[in-house]
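Participant: After the structure tokens below, expect a handful of questions from me.
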Amino acid sequence: MSSNQAKAPSRERDNDARIGLASSFRRSVSYALLFAAVSACLLAFTYLATARVINQKEFETVRNHAAEYRAWFVRGDTRMLEARMDEQSLQTGDVMFVHISGQGFDFVKFNSPGGGLQPMDAVNAIHPGLEGYDVLINDERWVVASVNLGSRGLILQAGKNAAASDALLRKLRTIFILTLIPAILAATLAGTVWGYHHMRPIRSLTVTMRDILQSGNLGQRVQPTPSSNELNDLVELFNRLLAGNEKLIDGMHHALDTVAHDFRTPLSRMNMTAQRALTESEDPAALREALADCVEESDYLGKLLFTIMDVAEAEAGAIRLDLETFSLANLIDSVTDLYEFVAEERGVSLKTVLVKDCEVQADRTRLNQALANLLDNAIKFSNEGDTVRLGLTTTDSEAKITVADEGQGIGKNDLPHIWDRLYRGEMSRTSPGMGLGLSFVKAIIEAHGGSVVARSNVGEGTIVTVELPLVG
């Protein structure tokens, strides 16, 4: 074996081990991206709602400060306003200003004169009536509120920088991003691992299929996973398909063996008859007799072949049934009428006790053949003066057909094998037949979802019971 050939199985095993990994990863990424998009929308909505609430709170705070500044200014002019602003307690980083303008009056005061250079010119440039929580002063966001000072014709504007609010919103954005990215990565990893584990039945299915293709052994089966997994249904269906194929191929092999075994004697007889005809070619009567024997043997072979193939097809579950709904009692009556003359010739009487209101869904032709086989056997192995009884009863879900005779019966050693193909019991070997009738009956009844059993004692006759599902 070359090194490339030796490496091929190893590569296949590695590929089998990775089956489902790529698809699981792609599926997990798709789900993670969808999760990210939905989460981003939710987070964006939450962020915008939070920002709006914070800005509204800031604006309310500034309006309250503007009302306080107005009261301080009215009570003590700008001196008291400056004094109270210096005493005012604010959060770290907050900067407040008050701007009073109108009728030649212009006053600007910041609460933190030591906090660096204040934008006096920018504050003076603000329109006196402007207010809002998104006012840009020297590229910095401020919250501004305006109040009228009444009869003096002045307008007081109070403002506060939004540095603390912006810092809080930046922190909120950072938290969202730092939360979302790990969540996406964790979801992708968890989804990939879960998906890979979930695909284990597919990997087992692939390995089994490859082994079957390499070895030709249809007896292998895929082991389903212990946990509940809808892919186990696929595994179960595949195992059933394998079982059906195995049964079909075994049936074909057995049928071929049967044909080879059972065709040997008729073909030998045909060969001997033809050779004898050749040596007696001057006698027309002998030639006609030889041709008649050959025709008889060929008819026998044709009938044997078709019966074997029907049995094999039915046993493999591949037989085609033309289902229709009909009265089972009427079918039994027609079969009984057909064999009435045969029974009279053998001195056997037929009696039927049938429930009339009984319908089944079945292949009328196939079921007729199966019942005819049972009735033919019952008459064939009955003695003169015996009675063959056919009965039909029903339960809630099944129809039960019984064919009972008073004939020679079946031995205990033979009874378990009467349904086998080509099996001939001790007491039936002297009777004409191919040994396929009962195996054909069993295959047809089981193809309809029913069952057939036989009870017998030597010298006491045989009772065959067929059970078929009722319509509905």
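Residues are referred to by chain and number: the chain letter is A, B, ... according to the order shown in the structure tokens, the number counts from 1 in that chain, and ligands are numbered separately from 1 in the order shown.
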Write out as an MDAnalysis selection string the residues lying within 10 Å of range 156-164 of chain A, counting only C-alpha atoms and excluding same-chain residues fewer than 4 positions away.
Facilitator: chainID A and resid 54:55 58:59 61:70 73 91:102 107:111 123 126:137 140:149 168:170
Participant: Write out as number ranges by chain each polymer residue whose atoms come within 12 Å of Ile445 in chain A, counting only C-alpha atoms; drop sequence neighbours fewer than 3 positions from it.
Facilitator: A: 311, 314-315, 317, 319, 321, 362-364, 366-371, 374, 400-401, 419, 438-442, 448-453, 465-469
Participant: Store the residues of this selection in a file with N, CA, C and O atoms, as a compact mmCIF listing (two decimals), in the first residue's frame.
Facilitator:
# COMPACT_ATOMS: atom_id res chain seq x y z
N VAL A 311 -43.02 -13.64 -3.71
CA VAL A 311 -42.75 -13.87 -2.29
C VAL A 311 -41.58 -13.02 -1.83
O VAL A 311 -41.62 -12.38 -0.78
N ALA A 314 -42.64 -9.38 -1.64
CA ALA A 314 -43.52 -9.12 -0.50
C ALA A 314 -42.76 -9.17 0.81
O ALA A 314 -42.96 -8.33 1.70
N GLU A 315 -41.86 -10.15 0.96
CA GLU A 315 -41.10 -10.26 2.20
C GLU A 315 -40.17 -9.08 2.40
O GLU A 315 -39.89 -8.68 3.53
N GLY A 317 -40.88 -6.09 1.58
CA GLY A 317 -41.68 -4.88 1.75
C GLY A 317 -41.69 -4.00 0.53
O GLY A 317 -42.04 -2.82 0.61
N ILE A 319 -43.33 -4.89 -2.41
CA ILE A 319 -44.43 -5.25 -3.30
C ILE A 319 -45.38 -4.07 -3.45
O ILE A 319 -45.63 -3.32 -2.51
N LEU A 321 -48.96 -2.61 -3.84
CA LEU A 321 -50.32 -2.98 -3.52
C LEU A 321 -51.29 -1.95 -4.09
O LEU A 321 -51.12 -0.75 -3.86
N ALA A 362 -57.35 -2.97 1.13
CA ALA A 362 -56.34 -3.95 0.75
C ALA A 362 -56.29 -4.07 -0.76
O ALA A 362 -57.11 -3.48 -1.49
N ASP A 363 -55.33 -4.86 -1.24
CA ASP A 363 -55.23 -5.22 -2.64
C ASP A 363 -56.11 -6.45 -2.85
O ASP A 363 -55.80 -7.54 -2.40
N ARG A 364 -57.24 -6.26 -3.53
CA ARG A 364 -58.21 -7.33 -3.67
C ARG A 364 -57.61 -8.56 -4.34
O ARG A 364 -57.82 -9.70 -3.89
N ARG A 366 -54.38 -9.57 -4.58
CA ARG A 366 -53.38 -10.24 -3.74
C ARG A 366 -54.05 -10.98 -2.58
O ARG A 366 -53.69 -12.12 -2.26
N LEU A 367 -55.01 -10.31 -1.94
CA LEU A 367 -55.68 -10.95 -0.81
C LEU A 367 -56.50 -12.15 -1.28
O LEU A 367 -56.57 -13.17 -0.57
N ASN A 368 -57.07 -12.04 -2.46
CA ASN A 368 -57.80 -13.18 -3.03
C ASN A 368 -56.86 -14.36 -3.24
O ASN A 368 -57.22 -15.52 -2.94
N GLN A 369 -55.63 -14.10 -3.74
CA GLN A 369 -54.65 -15.17 -3.95
C GLN A 369 -54.27 -15.83 -2.62
O GLN A 369 -54.15 -17.07 -2.54
N ALA A 370 -54.08 -15.00 -1.58
CA ALA A 370 -53.67 -15.56 -0.29
C ALA A 370 -54.78 -16.45 0.30
O ALA A 370 -54.51 -17.57 0.76
N LEU A 371 -56.03 -15.98 0.27
CA LEU A 371 -57.12 -16.78 0.81
C LEU A 371 -57.36 -18.03 -0.02
O LEU A 371 -57.68 -19.10 0.52
N LEU A 374 -54.89 -20.64 1.08
CA LEU A 374 -55.27 -21.27 2.35
C LEU A 374 -56.42 -22.27 2.15
O LEU A 374 -56.39 -23.39 2.70
N LYS A 400 -60.79 -10.86 11.72
CA LYS A 400 -60.14 -12.15 11.95
C LYS A 400 -60.79 -13.20 11.05
O LYS A 400 -62.00 -13.44 11.12
N ILE A 401 -59.96 -13.80 10.17
CA ILE A 401 -60.41 -14.85 9.25
C ILE A 401 -59.83 -16.16 9.73
O ILE A 401 -58.62 -16.25 10.00
N TRP A 419 -44.10 -21.77 7.05
CA TRP A 419 -44.10 -20.49 6.35
C TRP A 419 -42.81 -20.25 5.58
O TRP A 419 -42.70 -19.23 4.88
N LEU A 438 -47.72 -21.19 1.36
CA LEU A 438 -47.85 -20.57 2.68
C LEU A 438 -46.88 -19.41 2.88
O LEU A 438 -47.21 -18.42 3.55
N SER A 439 -45.68 -19.51 2.31
CA SER A 439 -44.75 -18.38 2.41
C SER A 439 -45.31 -17.18 1.64
O SER A 439 -45.16 -16.03 2.07
N PHE A 440 -45.99 -17.45 0.51
CA PHE A 440 -46.63 -16.36 -0.24
C PHE A 440 -47.77 -15.75 0.57
O PHE A 440 -47.93 -14.53 0.63
N VAL A 441 -48.57 -16.61 1.22
CA VAL A 441 -49.67 -16.12 2.06
C VAL A 441 -49.14 -15.22 3.17
O VAL A 441 -49.65 -14.12 3.40
N LYS A 442 -48.13 -15.66 3.86
CA LYS A 442 -47.56 -14.90 4.97
C LYS A 442 -47.02 -13.55 4.49
O LYS A 442 -47.24 -12.50 5.12
N HIS A 448 -49.86 -6.27 4.10
CA HIS A 448 -51.07 -5.49 4.39
C HIS A 448 -51.12 -5.04 5.85
O HIS A 448 -52.13 -4.48 6.30
N GLY A 449 -50.05 -5.29 6.60
CA GLY A 449 -50.04 -4.90 8.01
C GLY A 449 -50.74 -5.87 8.92
O GLY A 449 -51.08 -5.53 10.05
N GLY A 450 -50.97 -7.10 8.43
CA GLY A 450 -51.66 -8.10 9.24
C GLY A 450 -50.72 -9.19 9.71
O GLY A 450 -49.49 -9.06 9.65
N SER A 451 -51.30 -10.27 10.21
CA SER A 451 -50.51 -11.40 10.70
C SER A 451 -51.28 -12.69 10.41
O SER A 451 -52.51 -12.69 10.24
N VAL A 452 -50.53 -13.78 10.36
CA VAL A 452 -51.14 -15.08 10.12
C VAL A 452 -50.44 -16.12 11.00
O VAL A 452 -49.21 -16.11 11.11
N VAL A 453 -51.22 -16.98 11.66
CA VAL A 453 -50.68 -18.03 12.52
C VAL A 453 -51.44 -19.32 12.23
O VAL A 453 -52.58 -19.30 11.73
N THR A 465 -55.31 -18.75 11.19
CA THR A 465 -55.99 -17.51 11.57
C THR A 465 -55.26 -16.31 10.94
O THR A 465 -54.05 -16.16 11.12
N VAL A 466 -56.02 -15.53 10.21
CA VAL A 466 -55.48 -14.32 9.56
C VAL A 466 -56.12 -13.10 10.22
O VAL A 466 -57.35 -13.06 10.38
N GLU A 467 -55.30 -12.13 10.61
CA GLU A 467 -55.80 -10.87 11.19
C GLU A 467 -55.39 -9.71 10.31
O GLU A 467 -54.22 -9.57 9.94
N LEU A 468 -56.37 -8.88 9.96
CA LEU A 468 -56.15 -7.72 9.09
C LEU A 468 -56.73 -6.47 9.74
O LEU A 468 -57.78 -6.55 10.38
N PRO A 469 -56.07 -5.32 9.59
CA PRO A 469 -56.61 -4.08 10.15
C PRO A 469 -57.88 -3.65 9.41
O PRO A 469 -57.95 -3.76 8.18
Participant: Determine, counting only C-alpha atoms, which protein, DNA and RNA residues have an atom within 9 Å of an atom of range 210-218 of chain A; residues of the same chain fewer than 6 positions away are not included. Present the result as a PyMOL selection string.
Facilitator: chain A and resi 242-243+245-246
Participant: What does the file look like for those residues with N, CA and C atoms, as a PDB file, in the first residue's frame?
Facilitator:
ATOM      1  N   LEU A 242     -31.718   1.038   5.626  1.00  0.00           N
ATOM      2  CA  LEU A 242     -30.679   0.006   5.541  1.00  0.00           C
ATOM      3  C   LEU A 242     -31.265  -1.380   5.793  1.00  0.00           C
ATOM      4  N   ALA A 243     -32.140  -1.462   6.810  1.00  0.00           N
ATOM      5  CA  ALA A 243     -32.746  -2.767   7.114  1.00  0.00           C
ATOM      6  C   ALA A 243     -33.582  -3.261   5.947  1.00  0.00           C
ATOM      7  N   ASN A 245     -33.192  -2.416   2.739  1.00  0.00           N
ATOM      8  CA  ASN A 245     -32.289  -2.805   1.644  1.00  0.00           C
ATOM      9  C   ASN A 245     -31.602  -4.137   1.933  1.00  0.00           C
ATOM     10  N   GLU A 246     -31.199  -4.307   3.195  1.00  0.00           N
ATOM     11  CA  GLU A 246     -30.554  -5.571   3.560  1.00  0.00           C
ATOM     12  C   GLU A 246     -31.522  -6.738   3.384  1.00  0.00           C
TER      13      GLU A 246
END
Participant: Out of range 52-285 of chain A, which residues get strand (DSSP E) from DSSP, as a PyMOL selection string?
Facilitator: chain A and resi 96-102+105-110+132-137+140-148+155-161
Participant: Leaving out Arg346 in chain A and any residue of its chain fewer than 5 positions from it, which residues lie within 10 Å of it when counting only C-alpha atoms, given as a list in words?
Facilitator: Phe341, Ile379, Lys380, Ser382, Asn383, Glu384, Gly385 and Asp386 of chain A
Participant: Restricted to N, CA and C atoms, what would the selected residues look like written as a compact mmCIF listing (two decimals), in the first residue's frame?
Facilitator:
# COMPACT_ATOMS: atom_id res chain seq x y z
N PHE A 341 -66.54 -26.41 -6.44
CA PHE A 341 -66.47 -27.59 -7.32
C PHE A 341 -65.30 -28.49 -6.93
N ILE A 379 -58.52 -27.89 1.58
CA ILE A 379 -59.23 -28.92 0.81
C ILE A 379 -58.28 -30.06 0.44
N LYS A 380 -57.06 -29.70 0.03
CA LYS A 380 -56.09 -30.70 -0.44
C LYS A 380 -55.75 -31.71 0.65
N SER A 382 -57.59 -32.48 3.32
CA SER A 382 -58.75 -33.02 4.01
C SER A 382 -59.10 -34.39 3.43
N ASN A 383 -59.77 -35.18 4.22
CA ASN A 383 -60.22 -36.50 3.77
C ASN A 383 -61.68 -36.41 3.30
N GLU A 384 -62.07 -37.42 2.53
CA GLU A 384 -63.43 -37.45 2.05
C GLU A 384 -64.40 -37.48 3.24
N GLY A 385 -65.41 -36.62 3.16
CA GLY A 385 -66.39 -36.52 4.23
C GLY A 385 -66.06 -35.45 5.26
N ASP A 386 -64.88 -34.88 5.19
CA ASP A 386 -64.49 -33.81 6.12
C ASP A 386 -65.18 -32.50 5.76
Participant: Any idea what the distance is between CA of Glu345 in chain A and CA of Asn330 in chain A?
Facilitator: 23.9 Å
Participant: At most 12 Å is the cut-off: for each residue in range 189-215 of chain A with any atom that close to an atom of range 30-47 of chain A, write down the nearest atom pair and the distance in Å rounded to one decimal, counting only C-alpha atoms, chain first then increasing number, as CSV.
Facilitator:
residue,atom,partner,partner_atom,distance
A:Leu189,CA,A:Ala32,CA,9.6
A:Ala190,CA,A:Ala32,CA,10.2
A:Gly191,CA,A:Tyr31,CA,8.4
A:Thr192,CA,A:Tyr31,CA,10.5
A:Gly195,CA,A:Tyr31,CA,11.7
Participant: Identify, on the basis of only C-alpha atoms, every residue whose closest approach to Arg221 in chain A does not exceed 10 Å; exclude the query and any residue fewer than 2 positions from it along the same chain; express the result as a PyMOL selection string.
Facilitator: chain A and resi 204-205+208-209+212+217-219+223-224+235-236+238-240+242-243
Participant: Assign secondary structure with DSSP using the backbone only, and return the residues of range 104-285 of chain A in helix (DSSP H, G or I) as an NGL selection string.
Facilitator: :A and (120-124 or 150-152 or 163-198 or 200-215 or 231-279 or 284-285)
Participant: Excluding Arg389 in chain A and its own-chain neighbours fewer than 6 positions away, which residues fall within 9 Å of it when counting only C-alpha atoms? Please give them as a list in words.
Facilitator: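 Surrounding residues, per the criterion: Ser349, Leu350, Lys351, Thr352, Val353, Thr402, Val403, Ala404 and Asp405 of chain A.
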Participant: So how far away is CA of Ser327 in chain A from CA of Thr394 in chain A, in Å?
Facilitator: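 These two atoms are separated by 12.5 Å.
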Participant: Using only C-alpha atoms, which of A:Leu172, A:Val388, A:Leu304, A:Val464 sits nearest Gly407 in chain A?
Facilitator: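 With only C-alpha atoms as the atom set, the closest residue is A:Val388.
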Participant: Contacts of range 291-293 of chain A at 12 Å or less, counting only C-alpha atoms, minus same-chain residues fewer than 4 places along, as a list of chain:residue names?
Facilitator: A:Pro266, A:Leu267, A:Arg269, A:Met270, A:Asn271, A:Met272, A:Thr273, A:Ala274, A:Gln275, A:Arg276, A:Ala277, A:Leu278, A:Ser281, A:Pro284, A:Ala285, A:Ala286, A:Leu287, A:Glu297, A:Ser298, A:Asp299, A:Tyr300
